[in-house]
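S.K.: File start05.txt follows (compact mmCIF, C-alpha atoms and all ligand atoms):
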```
# COMPACT_ATOMS: atom_id res chain seq x y z
CA MET A 1 0.00 0.00 0.00
CA LEU A 2 2.91 2.32 0.49
CA ASP A 3 6.64 2.36 0.02
CA LEU A 4 8.32 3.95 3.03
CA LYS A 5 11.80 2.89 1.97
CA LYS A 6 11.43 4.67 -1.35
CA GLU A 7 10.22 7.77 0.44
CA LEU A 8 13.24 7.67 2.76
CA GLU A 9 15.58 7.62 -0.26
CA LEU A 10 14.37 11.13 -1.10
CA ILE A 11 15.27 12.60 2.27
CA LYS A 12 17.91 10.25 3.57
CA GLU A 13 20.71 12.77 4.12
CA PRO A 14 19.00 15.26 6.46
CA ILE A 15 17.40 12.41 8.39
CA TYR A 16 20.63 10.48 8.95
CA LYS A 17 22.30 13.71 9.99
CA ALA A 18 19.50 14.55 12.44
CA VAL A 19 19.59 11.07 14.01
CA LYS A 20 23.36 11.21 14.38
CA GLU A 21 23.08 14.58 16.07
CA VAL A 22 20.73 13.16 18.71
CA LEU A 23 22.89 10.07 19.24
CA ASP A 24 25.95 12.27 19.73
CA SER A 25 24.09 14.65 22.06
CA GLY A 26 23.60 12.14 24.86
CA SER A 27 20.06 13.46 25.49
CA TYR A 28 17.36 11.08 24.29
CA ILE A 29 14.07 11.77 26.07
CA LEU A 30 12.48 15.18 26.78
CA GLY A 31 15.53 16.86 25.32
CA SER A 32 15.89 19.83 23.01
CA LYS A 33 14.68 18.09 19.82
CA GLY A 34 11.38 17.17 21.45
CA LYS A 35 10.85 20.79 22.44
CA GLU A 36 11.85 22.01 18.99
CA LEU A 37 9.34 19.66 17.34
CA GLU A 38 6.58 20.85 19.68
CA ASN A 39 7.31 24.43 18.62
CA CYS A 40 7.29 23.46 14.94
CA ILE A 41 3.96 21.62 15.23
CA ALA A 42 2.29 24.40 17.26
CA LYS A 43 3.38 26.84 14.55
CA TYR A 44 2.22 24.56 11.72
CA ILE A 45 -1.22 23.84 13.23
CA LYS A 46 -1.45 27.39 14.61
CA THR A 47 -2.17 26.57 18.25
CA SER A 48 -0.65 28.04 21.39
CA TYR A 49 0.67 24.71 22.63
CA ALA A 50 1.83 21.32 21.38
CA ILE A 51 2.88 18.44 23.60
CA GLY A 52 4.75 15.41 22.30
CA VAL A 53 3.50 12.02 23.50
CA ALA A 54 4.36 8.40 22.79
CA ASN A 55 1.74 7.78 20.08
CA GLY A 56 -1.64 8.90 18.74
CA SER A 57 -3.58 6.51 20.96
CA ASP A 58 -2.00 8.02 24.06
CA ALA A 59 -2.69 11.49 22.69
CA LEU A 60 -6.41 10.67 22.78
CA LEU A 61 -6.28 9.09 26.23
CA LEU A 62 -4.27 11.93 27.78
CA ALA A 63 -6.59 14.49 26.19
CA LEU A 64 -9.60 12.77 27.78
CA LYS A 65 -7.85 12.58 31.14
CA ALA A 66 -6.79 16.23 31.02
CA LEU A 67 -10.44 17.09 30.41
CA LYS A 68 -11.27 15.05 33.53
CA ILE A 69 -13.36 12.55 31.63
CA GLY A 70 -13.70 9.09 33.15
CA GLU A 71 -15.95 6.72 35.09
CA GLY A 72 -19.64 7.55 34.74
CA ASP A 73 -19.17 9.81 31.70
CA GLU A 74 -20.22 9.22 28.10
CA VAL A 75 -18.22 10.26 25.05
CA ILE A 76 -19.78 10.33 21.58
CA THR A 77 -17.76 9.17 18.58
CA THR A 78 -17.96 7.44 15.21
CA PRO A 79 -18.06 3.65 14.73
CA PHE A 80 -16.18 4.08 11.43
CA THR A 81 -12.61 4.77 12.52
CA PHE A 82 -9.49 3.03 13.72
CA PHE A 83 -10.08 1.12 16.96
CA ALA A 84 -7.91 3.46 19.06
CA THR A 85 -10.44 6.29 18.85
CA ALA A 86 -13.05 4.44 20.89
CA GLU A 87 -10.51 2.39 22.82
CA SER A 88 -9.19 5.60 24.38
CA ILE A 89 -12.67 6.39 25.70
CA ALA A 90 -12.96 2.94 27.29
CA LEU A 91 -9.45 3.25 28.76
CA SER A 92 -10.36 6.58 30.37
CA GLY A 93 -13.18 4.77 32.19
CA ALA A 94 -15.92 6.50 30.20
CA LYS A 95 -18.46 4.83 27.94
CA PRO A 96 -18.14 5.14 24.14
CA VAL A 97 -21.43 6.10 22.47
CA PHE A 98 -21.51 5.69 18.70
CA VAL A 99 -23.26 7.86 16.14
CA ASP A 100 -23.59 6.91 12.45
CA ILE A 101 -21.62 8.64 9.70
CA ASP A 102 -22.46 10.68 6.64
CA GLN A 103 -22.29 8.49 3.55
CA ASN A 104 -20.31 10.95 1.45
CA THR A 105 -17.74 12.23 3.91
CA TYR A 106 -17.42 9.05 6.07
CA ASN A 107 -17.27 11.38 9.09
CA ILE A 108 -19.67 11.56 12.03
CA ASP A 109 -23.06 12.94 10.96
CA PRO A 110 -23.61 16.12 13.00
CA LYS A 111 -27.37 15.82 12.55
CA LYS A 112 -27.31 12.61 14.58
CA ILE A 113 -25.12 13.79 17.44
CA GLU A 114 -27.86 15.54 19.40
CA GLU A 115 -30.03 12.41 19.58
CA ALA A 116 -27.18 10.66 21.38
CA VAL A 117 -26.55 13.37 23.99
CA THR A 118 -27.60 12.45 27.55
CA SER A 119 -27.00 14.08 30.93
CA LYS A 120 -23.81 11.98 31.12
CA THR A 121 -22.31 13.13 27.83
CA LYS A 122 -19.11 15.09 28.43
CA ALA A 123 -17.34 15.13 25.09
CA VAL A 124 -17.28 14.22 21.42
CA ILE A 125 -14.27 12.72 19.68
CA ILE A 126 -14.60 13.57 16.04
CA VAL A 127 -12.33 11.94 13.46
CA HIS A 128 -11.18 13.60 10.25
CA LEU A 129 -11.22 10.26 8.49
CA PHE A 130 -8.82 9.59 5.61
CA GLY A 131 -7.72 13.25 5.79
CA TYR A 132 -11.13 14.81 5.13
CA PRO A 133 -12.35 17.30 7.75
CA ALA A 134 -15.51 16.70 9.76
CA GLU A 135 -18.18 19.41 9.70
CA MET A 136 -16.64 21.40 12.51
CA ASP A 137 -19.01 24.41 12.44
CA SER A 138 -22.10 22.31 13.20
CA ILE A 139 -20.17 20.16 15.66
CA MET A 140 -18.87 23.16 17.62
CA ASP A 141 -22.39 24.65 17.72
CA ILE A 142 -23.87 21.43 19.13
CA ALA A 143 -21.00 21.14 21.61
CA LYS A 144 -21.55 24.68 22.82
CA LYS A 145 -25.28 24.13 23.21
CA HIS A 146 -24.78 21.01 25.35
CA ASN A 147 -21.57 22.10 27.06
CA LEU A 148 -19.48 19.32 25.53
CA LYS A 149 -15.74 19.23 24.97
CA VAL A 150 -14.56 18.52 21.44
CA ILE A 151 -11.50 16.35 20.86
CA GLU A 152 -10.29 16.20 17.28
CA ASP A 153 -8.76 12.87 16.31
CA ALA A 154 -6.64 14.32 13.53
CA CYS A 155 -4.32 11.30 13.35
CA GLN A 156 -5.06 10.89 9.64
CA ALA A 157 -5.35 14.56 8.79
CA ILE A 158 -2.27 16.61 9.59
CA GLY A 159 -2.26 19.66 7.32
CA THR A 160 -5.94 19.38 6.35
CA GLU A 161 -7.71 22.73 6.41
CA TYR A 162 -11.28 23.47 7.32
CA LYS A 163 -12.39 26.99 6.35
CA GLY A 164 -8.82 28.24 6.53
CA LYS A 165 -7.98 26.61 9.86
CA ARG A 166 -5.77 23.57 10.28
CA VAL A 167 -7.61 20.63 11.81
CA GLY A 168 -6.62 19.98 15.40
CA SER A 169 -6.88 23.71 16.18
CA ILE A 170 -10.67 23.98 16.02
CA GLY A 171 -11.89 21.90 18.98
CA HIS A 172 -10.64 22.06 22.57
CA VAL A 173 -7.85 19.54 21.94
CA GLY A 174 -6.35 18.03 18.79
CA CYS A 175 -4.56 14.68 18.59
CA PHE A 176 -2.02 13.54 16.04
CA SER A 177 -0.20 10.30 15.34
CA PHE A 178 3.20 10.01 13.70
CA PHE A 179 2.94 6.25 13.19
CA PRO A 180 5.18 5.48 10.18
CA SER A 181 2.33 5.12 7.68
CA LYS A 182 0.63 8.38 8.62
CA ASN A 183 0.98 11.44 6.36
CA LEU A 184 3.73 12.70 8.66
CA GLY A 185 5.37 9.52 9.87
CA ALA A 186 8.24 8.85 12.24
CA PHE A 187 10.41 5.71 12.13
CA GLY A 188 8.72 4.35 15.20
CA ASP A 189 5.82 5.44 17.39
CA ALA A 190 5.15 9.08 18.22
CA GLY A 191 2.20 11.41 18.76
CA MET A 192 1.26 14.99 19.57
CA ILE A 193 -1.48 16.88 21.36
CA VAL A 194 -2.30 20.49 20.47
CA THR A 195 -4.47 22.99 22.32
CA ASN A 196 -4.96 26.69 22.89
CA GLU A 197 -5.84 26.23 26.56
CA ARG A 198 -3.09 26.82 29.09
CA ASP A 199 -4.57 24.62 31.83
CA LEU A 200 -4.97 21.65 29.48
CA TYR A 201 -1.39 22.12 28.34
CA GLU A 202 -0.13 22.05 31.92
CA LYS A 203 -2.16 18.96 32.79
CA ILE A 204 -0.96 17.07 29.74
CA ILE A 205 2.68 17.97 30.48
CA GLU A 206 2.18 16.28 33.86
CA LEU A 207 0.15 13.33 32.61
CA ARG A 208 2.73 12.32 30.01
CA ASN A 209 5.51 12.13 32.59
CA HIS A 210 4.20 10.19 35.60
CA GLY A 211 2.23 13.13 36.97
CA SER A 212 5.41 15.11 37.40
CA SER A 213 6.18 18.39 35.69
CA LYS A 214 8.77 20.74 37.13
CA HIS A 215 10.59 18.64 39.65
CA LYS A 216 11.68 15.09 39.10
CA TYR A 217 10.41 12.69 41.82
CA ILE A 218 7.60 15.04 42.84
CA HIS A 219 4.33 13.60 41.55
CA LYS A 220 1.12 15.60 41.68
CA VAL A 221 -1.16 13.07 39.99
CA ILE A 222 -1.10 9.51 38.67
CA GLY A 223 0.18 9.78 35.13
CA HIS A 224 1.73 7.77 32.34
CA ASN A 225 5.05 7.14 30.70
CA SER A 226 4.10 8.65 27.37
CA ARG A 227 6.87 10.76 25.95
CA LEU A 228 8.04 11.38 22.40
CA ASP A 229 11.70 10.47 22.16
CA ASP A 230 14.28 12.83 20.70
CA ILE A 231 15.35 10.58 17.83
CA GLN A 232 11.79 10.50 16.50
CA ALA A 233 11.47 14.23 17.15
CA ALA A 234 14.62 14.98 15.15
CA ILE A 235 13.34 12.85 12.26
CA LEU A 236 9.93 14.53 12.35
CA ILE A 237 11.46 18.03 12.32
CA GLU A 238 13.17 17.12 9.03
CA LYS A 239 10.12 15.37 7.56
CA LEU A 240 7.80 18.25 8.43
CA LYS A 241 9.76 20.35 5.92
CA TYR A 242 8.53 18.03 3.16
CA LEU A 243 4.96 17.63 4.42
CA ASP A 244 3.27 20.27 2.27
CA GLU A 245 4.97 19.01 -0.88
CA PHE A 246 4.00 15.41 -0.01
CA LEU A 247 0.39 16.41 0.69
CA LYS A 248 0.28 18.18 -2.66
CA ARG A 249 1.42 15.00 -4.39
CA ARG A 250 -1.26 13.01 -2.58
CA ARG A 251 -3.90 15.42 -3.86
CA GLU A 252 -2.55 15.17 -7.41
CA ILE A 253 -2.70 11.38 -7.28
CA ALA A 254 -6.22 11.52 -5.87
CA LYS A 255 -7.35 13.91 -8.59
CA ARG A 256 -6.07 11.56 -11.27
CA TYR A 257 -7.83 8.56 -9.70
CA THR A 258 -11.12 10.44 -9.48
CA GLU A 259 -10.92 11.70 -13.08
CA LYS A 260 -10.27 8.23 -14.43
CA LEU A 261 -12.52 6.17 -12.18
CA ASN A 262 -15.56 8.24 -11.29
CA ARG A 263 -17.71 6.68 -13.96
CA ILE A 264 -17.17 3.11 -12.82
CA VAL A 265 -16.96 3.30 -9.01
CA LYS A 266 -17.95 5.76 -6.31
CA THR A 267 -14.98 8.09 -5.80
CA PRO A 268 -14.29 10.89 -3.34
CA SER A 269 -14.92 14.34 -4.76
CA ILE A 270 -12.02 16.44 -6.01
CA PHE A 271 -11.41 19.27 -3.62
CA GLN A 272 -9.96 22.63 -4.49
CA ALA A 273 -7.96 23.76 -1.49
CA ARG A 274 -6.41 21.68 1.28
CA GLU A 275 -9.78 20.34 2.29
CA HIS A 276 -8.61 16.79 1.82
CA THR A 277 -5.10 15.49 2.34
CA PHE A 278 -5.90 11.94 1.23
CA HIS A 279 -4.31 9.84 3.89
CA GLN A 280 -6.37 7.19 2.14
CA TYR A 281 -8.02 7.20 -1.25
CA CYS A 282 -11.09 4.99 -1.01
CA ILE A 283 -13.53 3.91 -3.67
CA GLU A 284 -16.83 2.10 -3.20
CA THR A 285 -18.18 -0.77 -5.24
CA ASN A 286 -20.53 -3.72 -4.69
CA LYS A 287 -17.81 -5.94 -6.20
CA ARG A 288 -15.27 -4.90 -3.59
CA ASP A 289 -13.95 -8.33 -2.66
CA GLU A 290 -13.69 -9.53 -6.27
CA LEU A 291 -11.94 -6.32 -7.34
CA SER A 292 -9.53 -6.52 -4.45
CA LEU A 293 -8.62 -10.13 -5.30
CA PHE A 294 -8.22 -9.23 -8.99
CA LEU A 295 -5.84 -6.39 -8.15
CA ASN A 296 -3.90 -8.41 -5.58
CA ASN A 297 -3.34 -11.10 -8.22
CA LYS A 298 -1.72 -8.43 -10.37
CA ASN A 299 0.52 -7.47 -7.47
CA ILE A 300 -1.45 -4.30 -6.71
CA ALA A 301 -2.04 -3.84 -3.00
CA THR A 302 -5.41 -2.76 -1.63
CA ALA A 303 -6.73 -2.41 1.90
CA ILE A 304 -10.05 -2.19 3.67
CA TYR A 305 -10.55 0.61 6.19
CA TYR A 306 -12.50 -0.59 8.08
CA PRO A 307 -13.94 -4.07 7.56
CA ILE A 308 -15.69 -4.36 10.95
CA PRO A 309 -17.37 -1.27 12.39
CA LEU A 310 -16.43 -0.62 16.00
CA HIS A 311 -19.92 -1.28 17.43
CA LEU A 312 -19.65 -4.85 16.09
CA GLN A 313 -16.18 -5.53 17.50
CA GLU A 314 -15.99 -8.22 20.15
CA ALA A 315 -14.14 -5.86 22.49
CA PHE A 316 -17.19 -3.58 22.55
CA LYS A 317 -19.74 -6.37 23.05
CA TYR A 318 -20.44 -5.00 26.53
CA LEU A 319 -21.92 -1.87 24.97
CA LYS A 320 -24.73 -4.10 23.58
CA TYR A 321 -24.92 -2.69 20.07
CA LYS A 322 -26.21 -4.97 17.33
CA GLU A 323 -26.06 -5.30 13.57
CA GLY A 324 -28.34 -2.74 11.96
CA ASP A 325 -27.72 -0.04 14.56
CA PHE A 326 -25.58 2.04 12.18
CA PRO A 327 -26.70 1.11 8.66
CA ILE A 328 -24.58 3.64 6.76
CA THR A 329 -21.37 2.55 8.45
CA GLU A 330 -22.25 -1.12 7.99
CA ASN A 331 -23.06 -0.70 4.31
CA ILE A 332 -19.89 1.26 3.55
CA SER A 333 -17.70 -1.20 5.43
CA LYS A 334 -18.86 -3.84 2.91
CA ARG A 335 -18.19 -1.69 -0.15
CA ILE A 336 -15.12 0.39 0.61
CA LEU A 337 -11.65 -0.24 -0.82
CA ALA A 338 -8.47 1.80 -0.41
CA LEU A 339 -6.11 2.14 -3.38
CA PRO A 340 -2.38 2.81 -3.11
CA ILE A 341 -1.65 6.49 -2.53
CA TYR A 342 1.67 7.85 -1.30
CA PRO A 343 3.95 10.69 -2.36
CA VAL A 344 6.45 8.54 -4.26
CA LEU A 345 3.87 6.55 -6.24
CA THR A 346 4.87 7.12 -9.87
CA LEU A 347 2.60 8.07 -12.73
CA SER A 348 3.27 4.78 -14.51
CA GLU A 349 2.48 2.80 -11.37
CA GLN A 350 -0.77 4.69 -10.98
CA LYS A 351 -1.65 4.20 -14.67
CA ARG A 352 -1.25 0.46 -14.22
CA ILE A 353 -3.56 0.52 -11.19
CA ILE A 354 -6.19 2.53 -13.08
CA SER A 355 -6.06 0.34 -16.19
CA SER A 356 -6.31 -2.80 -14.06
CA ILE A 357 -9.44 -1.48 -12.37
CA LYS A 358 -10.93 -0.64 -15.77
CA GLU A 359 -10.02 -4.11 -17.02
CA PHE A 360 -11.84 -5.69 -14.07
CA PHE A 361 -15.08 -3.83 -14.81
CA GLU A 362 -14.87 -4.45 -18.56
CA LYS A 363 -14.39 -8.19 -18.34
C1 LIG B 401 -3.43 5.89 13.70
C2 LIG B 401 -4.65 6.34 14.38
C3 LIG B 401 -4.74 6.41 15.77
C4 LIG B 401 -3.68 5.88 16.69
O1 LIG B 401 -2.42 6.35 16.48
P1 LIG B 401 -1.15 5.49 17.01
O2 LIG B 401 -0.03 6.45 16.89
O3 LIG B 401 -1.02 4.32 16.11
O4 LIG B 401 -1.41 5.10 18.42
C5 LIG B 401 -5.89 6.92 16.32
N1 LIG B 401 -6.92 7.33 15.56
C6 LIG B 401 -6.88 7.27 14.21
C7 LIG B 401 -8.04 7.75 13.42
C8 LIG B 401 -5.75 6.75 13.58
O5 LIG B 401 -5.73 6.67 12.24
```
Go through the file and emit its structure as structure tokens.

M.R.:
Amino acid sequence: MLDLKKELELIKEPIYKAVKEVLDSGSYILGSKGKELENCIAKYIKTSYAIGVANGSDALLLALKALKIGEGDEVITTPFTFFATAESIALSGAKPVFVDIDQNTYNIDPKKIEEAVTSKTKAVIIVHLFGYPAEMDSIMDIAKKHNLKVIEDACQAIGTEYKGKRVGSIGHVGCFSFFPSKNLGAFGDAGMIVTNERDLYEKIIELRNHGSSKHKYIHKVIGHNSRLDDIQAAILIEKLKYLDEFLKRRREIAKRYTEKLNRIVKTPSIFQAREHTFHQYCIETNKRDELSLFLNNKNIATAIYYPIPLHLQEAFKYLKYKEGDFPITENISKRILALPIYPVLTLSEQKRIISSIKEFFEK
């Protein structure tokens, strides 16, 4: 689905240099590179604060904890996302409450959020799935009306803009993952939390480091070991310089797919500005499994995000959802297929993918 080694070839020199610098520095965790990356990300997303954490999943959990969400609370989210989104809610002690998605954007349907709000609802985790922004204006209005906190799971959407703002900066807290396959990927695990609120920033600084902030061995609260190490930070500082160019290439690849395929399968719309950063490019067809097999036999990788909606996962059996509860999510999970999209995918590789898909539907 993607070729990380080929991508590394492009930027090998600055990355090797940055890693060597950290190795030679003798400072590996919570050192100067971590701080520098936090400054770079805060500047890029345009928030007051950014806090490096161990991964995107921890970013979500620490955000919930900093907002004092836990036992007895409910948090609304989408059933059509990576498991970690809802897992973080369960880990905080709160109860995940799912709301169906919009069939064109694949994001949570704001019209359905209000029906799910109860006296226990404290927050909403919205996901900008595949790099496409959720409808933040309506979501922020609903949140304000019901006094809910909004956490943006922007793990798939760094650099995406919604009405001129970068996602992650619109809600109360934004969470990012730098897992290697993400649009800005480290060479290991890493994550980041952004916010404009000073008190949340201070709480997260404590939570990520065993409840300790200023003085080592003085612990104010029970926390976590969830820090972003300096080697990953140094790598990410270098890769961030290429992010906009890489996102532009993703959008070019997506545009070409849509132009060539929109008459035979359902494709995402082509967007003008940075409204979509195409972490994934997904098509929909009733012949999904046959098409996927056909392409795989021609050595073309495909993937399904996500084959089992979260409300039907065994781990969430205790929530007592059943098949049919979220028909749009369930239907799309049977039809959706992700095609290869990454900055170093060549035109000839993409042409072969497109002609193979055409061949499948013509046969
Ligand atoms: C990748 C991802 C996460 C988790 O990030 P990790 O860094 O792998 O822990 C959470 N939510 C979404 C939507 C993701 O895509």

S.K.: For stretch 303-318 of chain A, please output as a ChimeraX atom specification all residues within 8 Å (counting all atoms listed in the file; exclusion window: fewer than 3 positions along the same chain).

M.R.: /A:1,79-83,86,98,321-323,329-330,333-334,336-339

S.K.: What does the distance between atom CA of A:Asn147 and atom C7 of ligand LIG 401 (chain B) come to in Å, to one decimal place?

M.R.: 24.0 Å

S.K.: I want to know what sits within 12 Å of A:Leu2, based on only C-alpha atoms, with residues of the same chain fewer than 6 positions away left out; could you give that as JSON, numbers by chain?

M.R.: {"A": [8, 180, 181, 182, 183, 250, 279, 280, 300, 301, 302, 303, 338, 339, 340, 341, 342, 343, 344, 345, 346, 349]}

S.K.: Write as a compact mmCIF listing (two decimals) with C-alpha atoms, in the coordinates of the input the residues around ligand LIG 401 (chain B), taking 7 Å as the cut-off and counting all atoms listed in the file.

M.R.:
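Result file pocket-v5.txt:
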```
# COMPACT_ATOMS: atom_id res chain seq x y z
CA ASN A 55 1.74 7.78 20.08
CA GLY A 56 -1.64 8.90 18.74
CA SER A 57 -3.58 6.51 20.96
CA ASP A 58 -2.00 8.02 24.06
CA THR A 81 -12.61 4.77 12.52
CA PHE A 82 -9.49 3.03 13.72
CA ALA A 84 -7.91 3.46 19.06
CA THR A 85 -10.44 6.29 18.85
CA VAL A 127 -12.33 11.94 13.46
CA LEU A 129 -11.22 10.26 8.49
CA ASP A 153 -8.76 12.87 16.31
CA ALA A 154 -6.64 14.32 13.53
CA CYS A 155 -4.32 11.30 13.35
CA GLN A 156 -5.06 10.89 9.64
CA SER A 177 -0.20 10.30 15.34
CA PHE A 178 3.20 10.01 13.70
CA PHE A 179 2.94 6.25 13.19
CA LYS A 182 0.63 8.38 8.62
CA ASP A 189 5.82 5.44 17.39
CA ALA A 190 5.15 9.08 18.22
CA GLY A 191 2.20 11.41 18.76
```

S.K.: Using all atoms listed in the file, which residue out of A:Lys363, A:Lys111, A:His172, A:Lys298 lies closest to A:Val124?

M.R.: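 Closest to A:Val124, using all atoms listed in the file: A:His172.
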
S.K.: Counting all atoms listed in the file, which residue out of A:Leu200, A:Val53, A:Asp137, A:Lys163 sits closest to A:Lys68?

M.R.: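 Under the stated criterion, the closest residue is A:Leu200.
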
S.K.: For each of A:Tyr257, A:Tyr28, A:Phe360, A:Phe246, take the minimum atom-to-atom distance to A:Leu228, counting all atoms listed in the file, then give the residue where this is smallest.

M.R.: A:Tyr28

S.K.: Do you have the atom CA of A:Lys260-atom CA of A:Ser292 distance handy?

M.R.: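 Computed distance, atom CA of A:Lys260 to atom CA of A:Ser292, equals 17.8 Å.
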
S.K.: If you take every atom of stretch 37-51 of chain A that the file lists and fit an axis-aligned box around them with 4 Å extra on each side, what centre and edge lengths come out in Å to one decimal, as AutoDock Vina command-line options?

M.R.:
```
--center_x 3.6 --center_y 23.2 --center_z 17.7 --size_x 19.5 --size_y 17.6 --size_z 19.9
```

S.K.: Could you tell me how far atom CA of A:Ile253 sits from atom CA of A:Asn299, in Å to one decimal place?

M.R.: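 Pair atom CA of A:Asn299 / atom CA of A:Ile253 returns 19.1 Å.
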
S.K.: Using all atoms listed in the file, pick whichever of A:Val117, A:Lys20, A:Val194, A:Leu148 has the shortest atom-to-atom distance to A:Ile69.

M.R.: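 Nearest candidate to A:Ile69 out of A:Val117, A:Lys20, A:Val194, A:Leu148: A:Leu148.
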
S.K.: Taking into account only C-alpha atoms, which residue in the set A:Glu275, A:Glu290, A:Glu245, A:Asp230 is nearest to A:Glu36?

M.R.: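 Using only C-alpha atoms, A:Glu36 sits closest to A:Asp230.
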
S.K.: Given only C-alpha atoms as the basis, pick out the residue of A:Asp199, A:Glu74, A:Glu152, A:Asp3 nearest to A:Arg166.

M.R.: A:Glu152

S.K.: Show which residues sit within 12 Å of stretch 208-218 of chain A, as a PyMOL selection string. Count all atoms listed in the file, and ignore same-chain residues fewer than 5 positions away.

M.R.: chain A and resi 29-30+51-55+58-63+65-66+191-193+201-203+223-228

S.K.: Any chance you can output those residues with C-alpha atoms as a PDB file, keeping the file's coordinate frame?

M.R.:
```
ATOM      1  CA  ILE A  29      14.070  11.770  26.070  1.00  0.00           C
ATOM      2  CA  LEU A  30      12.480  15.180  26.780  1.00  0.00           C
ATOM      3  CA  ILE A  51       2.880  18.440  23.600  1.00  0.00           C
ATOM      4  CA  GLY A  52       4.750  15.410  22.300  1.00  0.00           C
ATOM      5  CA  VAL A  53       3.500  12.020  23.500  1.00  0.00           C
ATOM      6  CA  ALA A  54       4.360   8.400  22.790  1.00  0.00           C
ATOM      7  CA  ASN A  55       1.740   7.780  20.080  1.00  0.00           C
ATOM      8  CA  ASP A  58      -2.000   8.020  24.060  1.00  0.00           C
ATOM      9  CA  ALA A  59      -2.690  11.490  22.690  1.00  0.00           C
ATOM     10  CA  LEU A  60      -6.410  10.670  22.780  1.00  0.00           C
ATOM     11  CA  LEU A  61      -6.280   9.090  26.230  1.00  0.00           C
ATOM     12  CA  LEU A  62      -4.270  11.930  27.780  1.00  0.00           C
ATOM     13  CA  ALA A  63      -6.590  14.490  26.190  1.00  0.00           C
ATOM     14  CA  LYS A  65      -7.850  12.580  31.140  1.00  0.00           C
ATOM     15  CA  ALA A  66      -6.790  16.230  31.020  1.00  0.00           C
ATOM     16  CA  GLY A 191       2.200  11.410  18.760  1.00  0.00           C
ATOM     17  CA  MET A 192       1.260  14.990  19.570  1.00  0.00           C
ATOM     18  CA  ILE A 193      -1.480  16.880  21.360  1.00  0.00           C
ATOM     19  CA  TYR A 201      -1.390  22.120  28.340  1.00  0.00           C
ATOM     20  CA  GLU A 202      -0.130  22.050  31.920  1.00  0.00           C
ATOM     21  CA  LYS A 203      -2.160  18.960  32.790  1.00  0.00           C
ATOM     22  CA  GLY A 223       0.180   9.780  35.130  1.00  0.00           C
ATOM     23  CA  HIS A 224       1.730   7.770  32.340  1.00  0.00           C
ATOM     24  CA  ASN A 225       5.050   7.140  30.700  1.00  0.00           C
ATOM     25  CA  SER A 226       4.100   8.650  27.370  1.00  0.00           C
ATOM     26  CA  ARG A 227       6.870  10.760  25.950  1.00  0.00           C
ATOM     27  CA  LEU A 228       8.040  11.380  22.400  1.00  0.00           C
TER      28      LEU A 228
END
```

S.K.: Tell me, as an mmCIF file with C-alpha atoms, in the coordinates of the input, which residues lie within 9 Å of A:Lys95, counting all atoms listed in the file; anything in the same chain fewer than 6 positions away does not count.

M.R.:
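Wrote part30.cif, looks like this:
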```cif
data_model
loop_
_atom_site.group_PDB
_atom_site.id
_atom_site.type_symbol
_atom_site.label_atom_id
_atom_site.label_comp_id
_atom_site.auth_asym_id
_atom_site.auth_seq_id
_atom_site.Cartn_x
_atom_site.Cartn_y
_atom_site.Cartn_z
ATOM 1 C CA GLY A 70 -13.700 9.090 33.150
ATOM 2 C CA GLU A 71 -15.950 6.720 35.090
ATOM 3 C CA GLY A 72 -19.640 7.550 34.740
ATOM 4 C CA ASP A 73 -19.170 9.810 31.700
ATOM 5 C CA GLU A 74 -20.220 9.220 28.100
ATOM 6 C CA VAL A 75 -18.220 10.260 25.050
ATOM 7 C CA ILE A 76 -19.780 10.330 21.580
ATOM 8 C CA ALA A 86 -13.050 4.440 20.890
ATOM 9 C CA ILE A 89 -12.670 6.390 25.700
ATOM 10 C CA LEU A 319 -21.920 -1.870 24.970
#
```

S.K.: Please return, as a ChimeraX atom specification, all polymer residues that have at least one atom within 10 Å of the point (7.1, 20.7, 19.4); use only C-alpha atoms and the file's own coordinate frame.

M.R.: /A:32-44,49-52,192-194,228,233,236-237
